[in-house]
Structures are given as structure tokens and as C-alpha cells.
Amino acid sequence: MAGNTDDVPEKPPYSRVIVATLHTLANPARFLKIARPLTGSFLALGIALIAIAVWAGLSQTPPDYLQGETVRILYIHVPAAWLGMGGWSGIAVASLSLIVWRHPLAQVAARAIAWPGAVFTALCLATGSIWGRPTWGTWWQWDGRLTSMLLLLFVYLGYIALARADADRGGDGRIPALYGLAGTALLPVIRYSVVWWNTLHQGQSIGLTGSSIDRSLLWPLPIALAGFTFLFAAIVLMRMRTLLAQAKAEARMRRMARA
């Protein structure tokens with residue numbers, strides 16, 4: 001009968017689609033098949049975009065009328081801060097996937113993200129100190145933003161140590177996952193530190209409604225953000241592949257020892 005919808009299959013809810021997608025990628029062999037070509041592509045794209053951003057930032061933008069040439073560190077400092085916070089967000093998502101869906105690759109993903117996330121957080125602090133020396137007259141200030149980013153670095157190092165200890169004792173990864181979720185409480189503190197406290201660090205320069213940075217200085221920044229993000233993704237994929245290879249080798253050694 002025309003217009004009868006009884007025989008039309010019902011579309012699955014989005015949550016079911018997400019779970020199905022996660023289970024599709026749960027097979028390490030299937031994941032590796034996808035990750036191998038993506039690693040090289042992300043790495044090449046990231047390096048190319050970073051090179052363009054560095055060229056543009058050093059030669060195609062004017063010095064700032066107040067900060068002079070030191071403003072050019074913006075094109076490294078901002079992506080480093082973005083990826084330091086974004087890396088922990090990735091750990092939180094992987095931790096949630098492990099706790100809720102028992103996703104087999106979630107623990108591997110979280111461990112793979114931790115080291116590059118810590119490195120970019122440290123890079124953010126280093127470039128911030130270099131930038132702050134001529135601007136504030138000091139290498140370090142117990143400013144709200146700087147202090148909260150330093151705490152994030154310590155949280156990263158704590159996660160790395162906890163994940164390694166859990167792996168050494170043959171744990172299921174739940175304790176590091178809970179730690180990964182708890183650590184997200186620091187992200188809004190970092191985000192709103194310049195609003196909540198009277199600090200030396202400048203306020204939010206880029207928002208949804210616009211930017212206080214002049215366009216002549218701003219345009220290379222999205223290129224740098226994209227480039228460093230692709231580089232970060234490539235590093236994470238390489239580390240995931242390495243961790244999976246190590247797990248496979250250890251499993252093979254255990255089978256050989258039992259034989």
C-alpha cells in the first residue's frame with residue numbers, strides 16, 4: 001500500500017552507530033591497515049604546513065608595534081598550548097572508551113598520546129618563558145595560566161608513570177583511565193585562568209566572535225595550528241603502532257616460553 005512505512009527499516013540511533021564504528025576499529029589488524037598509510041600522509045602534510053607557517057611567520061608578517069620581533073614565537077607557542085590541552089582531551093576520550101565500551105585500543109591510544117602531549121606542554125611553557133622575558137622582564141611568573149600549564153605537565157608525567165606501572169603489573173588499564181578522566185578538571189582552569197584571576201598573561205586573544213590580533217599577524221597561525229596538529233596525529237599513530245608491535249612481540253615470547 002502506498003505510503004505504508006511499516007516495512008521501512010528503522011535507522012539505528014547515533015549512539016549505536018558510534019559503538020559500531022568503535023568496534024569496527026577495535027581489531028588491531030584492521031586499525032594497523034588504516035594507520036600505516038595515514039601515518040605517512042599526516043607526517044608529510046604536517047611538515048609541509050609547518051614549513052609554510054614558519055616561512056610566512058618569519059618573512060611575510062610585520063613585527064608587532066609593541067613586542068617587535070618576539071611576537072613571531074606566537075606561531076609555535078599557540079599550537080603547543082593547543083596540543084598540550086588537546087592531548088589531554090584525547091586521553092580523556094580514550095579513557096572513557098576503555099571504561100564504558102572496553103575498547104581494546106583505547107588504552108594503547110591514551111598511552112600513545114601521553115608523551116607527545118607532555119612534550120608539547122613543555123614546549124608551551126618554554127616558549128612562553130622565552131616570550132615573557134622581553135615582555136614581562138622575567139623568565140617565569142607564578143601567573144594563573146603559566147602555573148596551571150605547569151600543573152598539566154606534572155599531570156601528564158603522573159599519567160605516564162601510572163600507565164607504565166599498571167602495564168608492568170599486568171593491569172587492565174582502569175586505574176590510569178580513571179586518572180585520565182579526573183585530569184580533565186584542570187582543562188577549564190587553564191582555559192579560564194586569565195578570566196578568573198588578575199594575571200600578567202594577556203587575556204583571550206582569539207574567540208568565536210573574533211580576534212584581537214591584527215590580521216597581518218594572524219593569517220599564518222591557522223596554518224601552523226593545522227601543521228602541528230597533523231604532526232601530533234602522525235606521532236600518536238606511530239606510537240600506537242609501536243605499542244601494538246611490542247605487545248605482539250611480548251605475547252609471542254610468552255607463548256614460546258610456555259612451549
# chains A, B, ... in the order shown; residues from 1 in each chain; ligands from 1
>>> residues_around(residues="A:Thr229", least_positions_apart="3", cutoff="12 Å", atoms="only C-alpha atoms", output="PyMOL selection string")
chain A and resi 42-43+45-47+49-50+76+78-87+116-117+120+222-226+232-236
>>> write_last_selection(atoms="N, CA and C atoms", output="mmCIF file, in the first residue's frame")
data_model
loop_
_atom_site.group_PDB
_atom_site.id
_atom_site.type_symbol
_atom_site.label_atom_id
_atom_site.label_comp_id
_atom_site.auth_asym_id
_atom_site.auth_seq_id
_atom_site.Cartn_x
_atom_site.Cartn_y
_atom_site.Cartn_z
ATOM 1 N N PHE A 42 49.871 12.042 7.192
ATOM 2 C CA PHE A 42 49.800 13.083 8.219
ATOM 3 C C PHE A 42 51.167 13.717 8.462
ATOM 4 N N LEU A 43 52.214 12.888 8.478
ATOM 5 C CA LEU A 43 53.558 13.404 8.726
ATOM 6 C C LEU A 43 53.983 14.359 7.611
ATOM 7 N N LEU A 45 52.078 15.970 5.438
ATOM 8 C CA LEU A 45 51.227 17.155 5.431
ATOM 9 C C LEU A 45 51.588 18.093 6.581
ATOM 10 N N GLY A 46 51.852 17.531 7.744
ATOM 11 C CA GLY A 46 52.214 18.351 8.890
ATOM 12 C C GLY A 46 53.514 19.105 8.669
ATOM 13 N N ILE A 47 54.528 18.414 8.168
ATOM 14 C CA ILE A 47 55.818 19.061 7.925
ATOM 15 C C ILE A 47 55.678 20.165 6.875
ATOM 16 N N LEU A 49 52.969 21.956 6.085
ATOM 17 C CA LEU A 49 52.230 23.104 6.628
ATOM 18 C C LEU A 49 53.067 23.874 7.646
ATOM 19 N N ILE A 50 53.836 23.166 8.458
ATOM 20 C CA ILE A 50 54.705 23.848 9.422
ATOM 21 C C ILE A 50 55.759 24.671 8.689
ATOM 22 N N ILE A 76 54.544 29.145 17.277
ATOM 23 C CA ILE A 76 54.913 27.888 17.931
ATOM 24 C C ILE A 76 54.209 27.774 19.283
ATOM 25 N N VAL A 78 51.326 29.084 20.486
ATOM 26 C CA VAL A 78 49.885 28.811 20.479
ATOM 27 C C VAL A 78 49.579 27.370 20.063
ATOM 28 N N PRO A 79 50.180 26.833 18.974
ATOM 29 C CA PRO A 79 49.934 25.417 18.667
ATOM 30 C C PRO A 79 50.380 24.476 19.784
ATOM 31 N N ALA A 80 51.502 24.806 20.457
ATOM 32 C CA ALA A 80 51.968 23.953 21.550
ATOM 33 C C ALA A 80 50.955 23.938 22.693
ATOM 34 N N ALA A 81 50.403 25.107 23.026
ATOM 35 C CA ALA A 81 49.384 25.172 24.084
ATOM 36 C C ALA A 81 48.128 24.414 23.662
ATOM 37 N N TRP A 82 47.727 24.596 22.401
ATOM 38 C CA TRP A 82 46.543 23.917 21.874
ATOM 39 C C TRP A 82 46.685 22.396 21.964
ATOM 40 N N LEU A 83 47.858 21.889 21.598
ATOM 41 C CA LEU A 83 48.060 20.441 21.573
ATOM 42 C C LEU A 83 48.331 19.891 22.971
ATOM 43 N N GLY A 84 48.886 20.702 23.860
ATOM 44 C CA GLY A 84 49.038 20.255 25.241
ATOM 45 C C GLY A 84 47.681 19.988 25.874
ATOM 46 N N MET A 85 46.735 20.905 25.672
ATOM 47 C CA MET A 85 45.390 20.711 26.208
ATOM 48 C C MET A 85 44.607 19.688 25.378
ATOM 49 N N GLY A 86 44.756 19.748 24.055
ATOM 50 C CA GLY A 86 44.064 18.799 23.196
ATOM 51 C C GLY A 86 44.516 17.373 23.421
ATOM 52 N N GLY A 87 45.805 17.200 23.723
ATOM 53 C CA GLY A 87 46.316 15.868 24.003
ATOM 54 C C GLY A 87 45.645 15.256 25.220
ATOM 55 N N PRO A 116 53.750 12.668 23.563
ATOM 56 C CA PRO A 116 53.728 13.896 22.755
ATOM 57 C C PRO A 116 52.932 15.016 23.418
ATOM 58 N N GLY A 117 51.866 14.673 24.158
ATOM 59 C CA GLY A 117 51.126 15.705 24.879
ATOM 60 C C GLY A 117 52.006 16.391 25.907
ATOM 61 N N PHE A 120 54.598 18.703 24.085
ATOM 62 C CA PHE A 120 54.034 19.964 23.613
ATOM 63 C C PHE A 120 53.671 20.882 24.779
ATOM 64 N N PRO A 222 46.575 29.829 11.668
ATOM 65 C CA PRO A 222 45.807 28.607 11.352
ATOM 66 C C PRO A 222 46.620 27.563 10.593
ATOM 67 N N ILE A 223 47.537 28.018 9.754
ATOM 68 C CA ILE A 223 48.396 27.076 9.025
ATOM 69 C C ILE A 223 49.299 26.336 10.010
ATOM 70 N N ALA A 224 49.872 27.093 10.963
ATOM 71 C CA ALA A 224 50.725 26.468 11.973
ATOM 72 C C ALA A 224 49.927 25.500 12.851
ATOM 73 N N LEU A 225 48.722 25.895 13.239
ATOM 74 C CA LEU A 225 47.873 25.009 14.052
ATOM 75 C C LEU A 225 47.574 23.708 13.323
ATOM 76 N N ALA A 226 47.214 23.817 12.039
ATOM 77 C CA ALA A 226 46.916 22.615 11.260
ATOM 78 C C ALA A 226 48.164 21.747 11.109
ATOM 79 N N PHE A 232 51.261 16.004 15.277
ATOM 80 C CA PHE A 232 50.880 15.338 16.524
ATOM 81 C C PHE A 232 50.152 14.027 16.228
ATOM 82 N N ALA A 233 49.209 14.076 15.284
ATOM 83 C CA ALA A 233 48.456 12.867 14.926
ATOM 84 C C ALA A 233 49.379 11.789 14.371
ATOM 85 N N ALA A 234 50.356 12.190 13.547
ATOM 86 C CA ALA A 234 51.299 11.218 12.992
ATOM 87 C C ALA A 234 52.134 10.568 14.091
ATOM 88 N N ILE A 235 52.581 11.369 15.064
ATOM 89 C CA ILE A 235 53.373 10.835 16.177
ATOM 90 C C ILE A 235 52.546 9.848 16.994
ATOM 91 N N VAL A 236 51.283 10.194 17.249
ATOM 92 C CA VAL A 236 50.414 9.304 18.017
ATOM 93 C C VAL A 236 50.208 7.989 17.278
#
>>> select_by_dssp(residues="stretch 2-228 of chain A", states="alpha helix (DSSP H)", output="PyMOL selection string")
chain A and resi 14-24+28-59+74-101+106-136+144-168+174-182+186-196+215-218+220-228
>>> closest_residue(among="A:Tyr75, A:Met238, A:Ala114, A:Ala94", to="A:Ala56", atoms="only C-alpha atoms")
A:Tyr75
>>> residues_around(residues="A:Pro176", least_positions_apart="3", cutoff="7 Å", atoms="only C-alpha atoms", output="ChimeraX atom specification")
/A:159,162-163,173,179-180
>>> write_last_selection(atoms="all heavy atoms", output="JSON list (two decimals), in the first residue's frame")
[["chain", "number", "residue", "atom", "x", "y", "z"],
["A", 159, "TYR", "N", 50.55, 10.58, 34.74],
["A", 159, "TYR", "CA", 49.83, 9.57, 33.95],
["A", 159, "TYR", "C", 50.82, 8.60, 33.30],
["A", 159, "TYR", "O", 50.58, 7.38, 33.29],
["A", 159, "TYR", "CB", 48.99, 10.24, 32.87],
["A", 159, "TYR", "CG", 48.27, 9.23, 32.00],
["A", 159, "TYR", "CD1", 47.03, 8.75, 32.38],
["A", 159, "TYR", "CD2", 48.84, 8.73, 30.83],
["A", 159, "TYR", "CE1", 46.36, 7.79, 31.62],
["A", 159, "TYR", "CE2", 48.19, 7.78, 30.06],
["A", 159, "TYR", "CZ", 46.96, 7.32, 30.46],
["A", 159, "TYR", "OH", 46.32, 6.36, 29.71],
["A", 162, "LEU", "N", 52.02, 6.23, 35.94],
["A", 162, "LEU", "CA", 50.95, 5.33, 36.37],
["A", 162, "LEU", "C", 50.63, 4.29, 35.31],
["A", 162, "LEU", "O", 50.44, 3.10, 35.62],
["A", 162, "LEU", "CB", 49.70, 6.14, 36.71],
["A", 162, "LEU", "CG", 48.50, 5.37, 37.27],
["A", 162, "LEU", "CD1", 48.88, 4.69, 38.59],
["A", 162, "LEU", "CD2", 47.33, 6.32, 37.48],
["A", 163, "ALA", "N", 50.58, 4.71, 34.05],
["A", 163, "ALA", "CA", 50.29, 3.77, 32.96],
["A", 163, "ALA", "C", 51.39, 2.73, 32.83],
["A", 163, "ALA", "O", 51.11, 1.55, 32.59],
["A", 163, "ALA", "CB", 50.10, 4.53, 31.66],
["A", 173, "GLY", "N", 44.19, -1.42, 32.92],
["A", 173, "GLY", "CA", 44.17, -0.05, 32.45],
["A", 173, "GLY", "C", 43.10, 0.83, 33.06],
["A", 173, "GLY", "O", 43.01, 2.02, 32.73],
["A", 179, "TYR", "N", 42.29, 8.08, 36.22],
["A", 179, "TYR", "CA", 43.19, 9.23, 36.38],
["A", 179, "TYR", "C", 43.07, 10.16, 35.18],
["A", 179, "TYR", "O", 43.05, 11.39, 35.33],
["A", 179, "TYR", "CB", 44.63, 8.73, 36.52],
["A", 179, "TYR", "CG", 45.68, 9.79, 36.70],
["A", 179, "TYR", "CD1", 46.08, 10.19, 37.97],
["A", 179, "TYR", "CD2", 46.29, 10.39, 35.61],
["A", 179, "TYR", "CE1", 47.06, 11.16, 38.15],
["A", 179, "TYR", "CE2", 47.27, 11.36, 35.77],
["A", 179, "TYR", "CZ", 47.65, 11.74, 37.04],
["A", 179, "TYR", "OH", 48.61, 12.71, 37.19],
["A", 180, "GLY", "N", 42.97, 9.58, 33.97],
["A", 180, "GLY", "CA", 42.83, 10.39, 32.76],
["A", 180, "GLY", "C", 41.56, 11.21, 32.76],
["A", 180, "GLY", "O", 41.55, 12.36, 32.32]]
>>> residues_around(residues="A:His77", least_positions_apart="5", cutoff="8 Å", atoms="only C-alpha atoms", output="list in words")
Leu123, Cys124, Thr127 and Gly128 of chain A
>>> select_by_dssp(residues="stretch 55-232 of chain A", states="strand (DSSP E or B)", output="list in words")
Asp64, Gly68, Ile206, Gly207, Gly210 and Ser211 of chain A
>>> write_last_selection(atoms="N, CA, C and O atoms", output="CSV table (one decimal), in the first residue's frame")
chain,number,residue,atom,x,y,z
A,64,ASP,N,55.4,43.2,15.6
A,64,ASP,CA,54.3,43.9,16.4
A,64,ASP,C,54.8,45.3,16.9
A,64,ASP,O,56.0,45.5,17.1
A,68,GLY,N,57.6,43.9,19.0
A,68,GLY,CA,58.6,43.8,18.0
A,68,GLY,C,58.7,42.4,17.4
A,68,GLY,O,57.7,41.7,17.1
A,206,ILE,N,41.9,35.1,20.8
A,206,ILE,CA,41.1,34.5,19.7
A,206,ILE,C,39.9,33.8,20.3
A,206,ILE,O,40.0,33.0,21.2
A,207,GLY,N,38.7,34.2,19.8
A,207,GLY,CA,37.5,33.7,20.2
A,207,GLY,C,36.5,33.4,19.1
A,207,GLY,O,36.9,33.6,17.9
A,210,GLY,N,35.7,36.7,17.2
A,210,GLY,CA,36.8,37.5,16.5
A,210,GLY,C,38.1,37.3,17.2
A,210,GLY,O,38.3,36.5,18.1
A,211,SER,N,39.0,38.2,16.9
A,211,SER,CA,40.4,38.1,17.4
A,211,SER,C,40.9,39.5,17.6
A,211,SER,O,40.6,40.4,16.9
>>> residues_around(residues="A:Ala112", least_positions_apart="3", cutoff="7 Å", atoms="only C-alpha atoms", output="MDAnalysis selection string")
chainID A and resid 108:109 115 236 239:240
>>> residues_around(residues="stretch 241-247 of chain A", least_positions_apart="2", cutoff="12 Å", atoms="only C-alpha atoms", output="PyMOL selection string")
chain A and resi 27-39+104-113+164+167-168+170+234-239+249-254
>>> closest_residue(among="A:Val100, A:Leu217, A:Ala257, A:Leu231", to="A:Ala44", atoms="only C-alpha atoms")
A:Leu231
>>> closest_residue(among="A:Arg258, A:Gly227, A:Val71, A:Trp136", to="A:Ala48", atoms="only C-alpha atoms")
A:Gly227
>>> decode(residues="stretch 44-173 of chain A", atoms="C-alpha atoms", output="mmCIF file, in the first residue's frame")
data_model
loop_
_atom_site.group_PDB
_atom_site.id
_atom_site.type_symbol
_atom_site.label_atom_id
_atom_site.label_comp_id
_atom_site.auth_asym_id
_atom_site.auth_seq_id
_atom_site.Cartn_x
_atom_site.Cartn_y
_atom_site.Cartn_z
ATOM 1 C CA ALA A 44 54.189 14.787 5.232
ATOM 2 C CA LEU A 45 51.227 17.155 5.431
ATOM 3 C CA GLY A 46 52.214 18.351 8.890
ATOM 4 C CA ILE A 47 55.818 19.061 7.925
ATOM 5 C CA ALA A 48 54.732 20.901 4.769
ATOM 6 C CA LEU A 49 52.230 23.104 6.628
ATOM 7 C CA ILE A 50 54.705 23.848 9.422
ATOM 8 C CA ALA A 51 57.320 24.849 6.840
ATOM 9 C CA ILE A 52 54.827 27.203 5.183
ATOM 10 C CA ALA A 53 53.820 28.677 8.540
ATOM 11 C CA VAL A 54 57.431 29.209 9.606
ATOM 12 C CA TRP A 55 58.274 30.855 6.266
ATOM 13 C CA ALA A 56 55.211 33.093 6.478
ATOM 14 C CA GLY A 57 55.717 33.932 10.136
ATOM 15 C CA LEU A 58 59.379 34.849 9.718
ATOM 16 C CA SER A 59 59.285 36.695 6.421
ATOM 17 C CA GLN A 60 55.742 37.658 5.451
ATOM 18 C CA THR A 61 54.371 39.231 8.630
ATOM 19 C CA PRO A 62 55.375 42.569 10.196
ATOM 20 C CA PRO A 63 56.793 42.933 13.707
ATOM 21 C CA ASP A 64 54.323 43.880 16.403
ATOM 22 C CA TYR A 65 54.212 47.575 17.264
ATOM 23 C CA LEU A 66 54.770 46.788 20.962
ATOM 24 C CA GLN A 67 56.525 43.407 21.128
ATOM 25 C CA GLY A 68 58.609 43.758 17.988
ATOM 26 C CA GLU A 69 60.138 40.603 16.519
ATOM 27 C CA THR A 70 59.428 38.489 19.620
ATOM 28 C CA VAL A 71 55.776 38.194 18.580
ATOM 29 C CA ARG A 72 56.820 35.612 15.979
ATOM 30 C CA ILE A 73 57.079 32.972 18.697
ATOM 31 C CA LEU A 74 53.275 33.059 18.560
ATOM 32 C CA TYR A 75 53.319 30.529 15.696
ATOM 33 C CA ILE A 76 54.913 27.888 17.931
ATOM 34 C CA HIS A 77 53.588 28.857 21.359
ATOM 35 C CA VAL A 78 49.885 28.811 20.479
ATOM 36 C CA PRO A 79 49.934 25.417 18.667
ATOM 37 C CA ALA A 80 51.968 23.953 21.550
ATOM 38 C CA ALA A 81 49.384 25.172 24.084
ATOM 39 C CA TRP A 82 46.543 23.917 21.874
ATOM 40 C CA LEU A 83 48.060 20.441 21.573
ATOM 41 C CA GLY A 84 49.038 20.255 25.241
ATOM 42 C CA MET A 85 45.390 20.711 26.208
ATOM 43 C CA GLY A 86 44.064 18.799 23.196
ATOM 44 C CA GLY A 87 46.316 15.868 24.003
ATOM 45 C CA TRP A 88 44.803 15.512 27.462
ATOM 46 C CA SER A 89 41.331 15.745 25.934
ATOM 47 C CA GLY A 90 42.323 12.801 23.728
ATOM 48 C CA ILE A 91 43.479 10.854 26.784
ATOM 49 C CA ALA A 92 40.125 11.557 28.439
ATOM 50 C CA VAL A 93 38.166 10.330 25.402
ATOM 51 C CA ALA A 94 40.293 7.168 25.207
ATOM 52 C CA SER A 95 39.882 6.613 28.954
ATOM 53 C CA LEU A 96 36.112 6.950 28.653
ATOM 54 C CA SER A 97 36.101 4.463 25.760
ATOM 55 C CA LEU A 98 38.049 1.987 27.878
ATOM 56 C CA ILE A 99 35.793 2.303 30.922
ATOM 57 C CA VAL A 100 32.432 2.375 29.118
ATOM 58 C CA TRP A 101 32.960 0.259 25.999
ATOM 59 C CA ARG A 102 36.100 -1.725 26.937
ATOM 60 C CA HIS A 103 37.587 -0.674 23.615
ATOM 61 C CA PRO A 104 40.760 -2.784 23.110
ATOM 62 C CA LEU A 105 42.754 0.055 21.526
ATOM 63 C CA ALA A 106 41.682 2.767 23.970
ATOM 64 C CA GLN A 107 44.459 2.080 26.465
ATOM 65 C CA VAL A 108 47.006 1.979 23.642
ATOM 66 C CA ALA A 109 45.729 5.296 22.288
ATOM 67 C CA ALA A 110 45.891 7.003 25.692
ATOM 68 C CA ARG A 111 49.460 5.812 26.295
ATOM 69 C CA ALA A 112 50.447 6.885 22.788
ATOM 70 C CA ILE A 113 49.069 10.391 23.325
ATOM 71 C CA ALA A 114 50.692 10.942 26.729
ATOM 72 C CA TRP A 115 54.316 11.500 25.689
ATOM 73 C CA PRO A 116 53.728 13.896 22.755
ATOM 74 C CA GLY A 117 51.126 15.705 24.879
ATOM 75 C CA ALA A 118 53.708 16.178 27.629
ATOM 76 C CA VAL A 119 56.334 17.341 25.120
ATOM 77 C CA PHE A 120 54.034 19.964 23.613
ATOM 78 C CA THR A 121 53.028 21.144 27.092
ATOM 79 C CA ALA A 122 56.704 21.557 27.969
ATOM 80 C CA LEU A 123 57.253 23.360 24.650
ATOM 81 C CA CYS A 124 54.373 25.695 25.516
ATOM 82 C CA LEU A 125 55.997 26.523 28.859
ATOM 83 C CA ALA A 126 59.441 27.009 27.298
ATOM 84 C CA THR A 127 58.238 29.296 24.509
ATOM 85 C CA GLY A 128 56.039 31.162 26.980
ATOM 86 C CA SER A 129 59.069 31.843 29.173
ATOM 87 C CA ILE A 130 61.133 32.995 26.198
ATOM 88 C CA TRP A 131 58.279 35.230 25.076
ATOM 89 C CA GLY A 132 57.722 36.547 28.595
ATOM 90 C CA ARG A 133 61.355 37.571 29.199
ATOM 91 C CA PRO A 134 61.319 40.689 26.975
ATOM 92 C CA THR A 135 57.592 41.307 27.542
ATOM 93 C CA TRP A 136 57.344 40.945 31.331
ATOM 94 C CA GLY A 137 61.031 41.333 32.221
ATOM 95 C CA THR A 138 61.232 37.877 33.795
ATOM 96 C CA TRP A 139 61.586 34.272 32.630
ATOM 97 C CA TRP A 140 58.909 32.984 34.986
ATOM 98 C CA GLN A 141 55.977 34.355 36.906
ATOM 99 C CA TRP A 142 53.525 32.422 39.062
ATOM 100 C CA ASP A 143 50.813 33.589 36.740
ATOM 101 C CA GLY A 144 47.491 31.725 36.626
ATOM 102 C CA ARG A 145 47.935 30.494 33.059
ATOM 103 C CA LEU A 146 51.600 29.548 33.434
ATOM 104 C CA THR A 147 51.060 27.804 36.759
ATOM 105 C CA SER A 148 48.070 25.793 35.524
ATOM 106 C CA MET A 149 50.015 24.718 32.410
ATOM 107 C CA LEU A 150 52.890 23.621 34.658
ATOM 108 C CA LEU A 151 50.415 21.561 36.678
ATOM 109 C CA LEU A 152 49.206 19.981 33.424
ATOM 110 C CA LEU A 153 52.783 18.922 32.655
ATOM 111 C CA PHE A 154 53.040 17.267 36.082
ATOM 112 C CA VAL A 155 49.669 15.562 35.480
ATOM 113 C CA TYR A 156 51.000 14.210 32.180
ATOM 114 C CA LEU A 157 54.127 12.863 33.868
ATOM 115 C CA GLY A 158 51.971 11.285 36.575
ATOM 116 C CA TYR A 159 49.833 9.572 33.952
ATOM 117 C CA ILE A 160 52.900 8.258 32.109
ATOM 118 C CA ALA A 161 54.322 6.788 35.326
ATOM 119 C CA LEU A 162 50.954 5.329 36.373
ATOM 120 C CA ALA A 163 50.285 3.770 32.964
ATOM 121 C CA ARG A 164 53.745 2.204 32.900
ATOM 122 C CA ALA A 165 53.325 0.782 36.406
ATOM 123 C CA ASP A 166 49.883 -0.573 35.520
ATOM 124 C CA ALA A 167 51.262 -2.236 32.379
ATOM 125 C CA ASP A 168 54.201 -3.751 34.296
ATOM 126 C CA ARG A 169 51.899 -5.406 36.817
ATOM 127 C CA GLY A 170 49.541 -6.649 34.107
ATOM 128 C CA GLY A 171 46.664 -4.326 34.990
ATOM 129 C CA ASP A 172 43.584 -3.786 32.865
ATOM 130 C CA GLY A 173 44.167 -0.047 32.446
#
